[in-house]
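**Student:** Quick one: this structure, given as structure tokens, is what I'll be asking you about.
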Amino acid sequence: MRVMVIVKANKDSESGQLPDEKILKEMGNFNEQLVKAGVMLAAEGLKSSKYGKRIKFDGKKRTVTDGPFAETKELVAGFWLWQVKSFDEAVEWLKRAPFDGGTEVELRQVFETEEFAASDPSGDIRRQEEDLKKRIQARQ
């Protein structure tokens with residue numbers, strides 16, 4: 001099972017303040033453990049929302065809003081994509097993360113292609129999805 005680990009933004013991340021060297025080293029060590037265990041598939045930090053845009057879709061209308069965005073508790077500062085055996089395993093890994101100071105992190109299970117079988121009786125969508133994954137992997 002794949003899970004996305006969503007690190008919520010806070011006042012510091014939204015101000016563009018980077019973590020100090022101690023935290024970066026601790027996070028690097030944690031990431032190293034994840035890689036060695038075969039858990040980490042991807043991990044990235046995101047720039048503050050002042051560099052972002054939101055696009056609202058309403059029929060044919062597209063409305064673009066420039067950042068920054070007001071509600072930091074609804075923003076994402078970074079993420080991991082993990083491959084784990086269970087949701088409980090993901091929770092146990094996340095408990096070991098070197099966060100402090102009220103940091104909020106959310107875990108969400110990623111849909112797998114086969115879960116859409118009932119909506120795709122011909123299998124065309126699943127075949128397209130698998131082809132796209134192969135093409136992406138070939139580019140990496």
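Just remember, in the structure tokens the first chain shown is A, the second B, etc., residues are 1-based per chain, and ligands are 1-based in the order shown.
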Can you list, as number ranges by chain, every protein, DNA or RNA residue that comes within 8 Å of segment 19-32 of chain A when you count only C-alpha atoms, leaving out same-chain residues fewer than 2 positions away?
**Tutor:** A: 17, 34-36, 40, 96-98
**Student:** In Å, rounded to a single decimal, give me how far atom CA of Lys73 of chain A is from atom CA of Asp100 of chain A.
**Tutor:**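 Computing it gives 15.9 Å between the two atoms.
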**Student:** For the atom pair atom CA of Asp58 of chain A and atom CA of Ser119 of chain A, what is the interatomic distance in Å to one decimal place?
**Tutor:**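 A separation of 24.5 Å between them.
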**Student:** In terms of the shortest atom-to-atom distance over only C-alpha atoms, which of A:Ala138, A:Leu94, A:Ile125, A:Val105 is closest to Val39 of chain A?
**Tutor:**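 Comparing A:Ala138, A:Leu94, A:Ile125, A:Val105 against Val39 of chain A, the winner is A:Leu94.
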**Student:** Can you list, as number ranges by chain, every protein, DNA or RNA residue that comes within 10 Å of Glu44 of chain A when you count only C-alpha atoms, leaving out same-chain residues fewer than 3 positions away?
**Tutor:** A: 47, 77-81
**Student:** Please save N, CA, C and O atoms of the selected residues as an mmCIF file, in the first residue's frame.
**Tutor:**
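The resulting out35.cif:
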data_model
loop_
_atom_site.group_PDB
_atom_site.id
_atom_site.type_symbol
_atom_site.label_atom_id
_atom_site.label_comp_id
_atom_site.auth_asym_id
_atom_site.auth_seq_id
_atom_site.Cartn_x
_atom_site.Cartn_y
_atom_site.Cartn_z
ATOM 1 N N LYS A 47 7.793 25.282 -1.409
ATOM 2 C CA LYS A 47 7.952 26.706 -1.090
ATOM 3 C C LYS A 47 6.644 27.243 -0.547
ATOM 4 O O LYS A 47 5.582 26.659 -0.747
ATOM 5 N N ALA A 77 3.225 22.000 3.461
ATOM 6 C CA ALA A 77 4.609 22.478 3.425
ATOM 7 C C ALA A 77 5.544 21.458 2.783
ATOM 8 O O ALA A 77 6.625 21.808 2.333
ATOM 9 N N GLY A 78 5.115 20.213 2.750
ATOM 10 C CA GLY A 78 5.943 19.168 2.156
ATOM 11 C C GLY A 78 5.231 17.839 2.210
ATOM 12 O O GLY A 78 4.127 17.728 2.761
ATOM 13 N N PHE A 79 5.854 16.825 1.617
ATOM 14 C CA PHE A 79 5.216 15.516 1.585
ATOM 15 C C PHE A 79 6.241 14.416 1.394
ATOM 16 O O PHE A 79 7.351 14.647 0.937
ATOM 17 N N TRP A 80 5.836 13.220 1.770
ATOM 18 C CA TRP A 80 6.542 11.986 1.434
ATOM 19 C C TRP A 80 5.530 11.096 0.721
ATOM 20 O O TRP A 80 4.322 11.185 0.971
ATOM 21 N N LEU A 81 6.025 10.207 -0.091
ATOM 22 C CA LEU A 81 5.226 9.114 -0.621
ATOM 23 C C LEU A 81 5.929 7.846 -0.166
ATOM 24 O O LEU A 81 7.121 7.661 -0.453
#
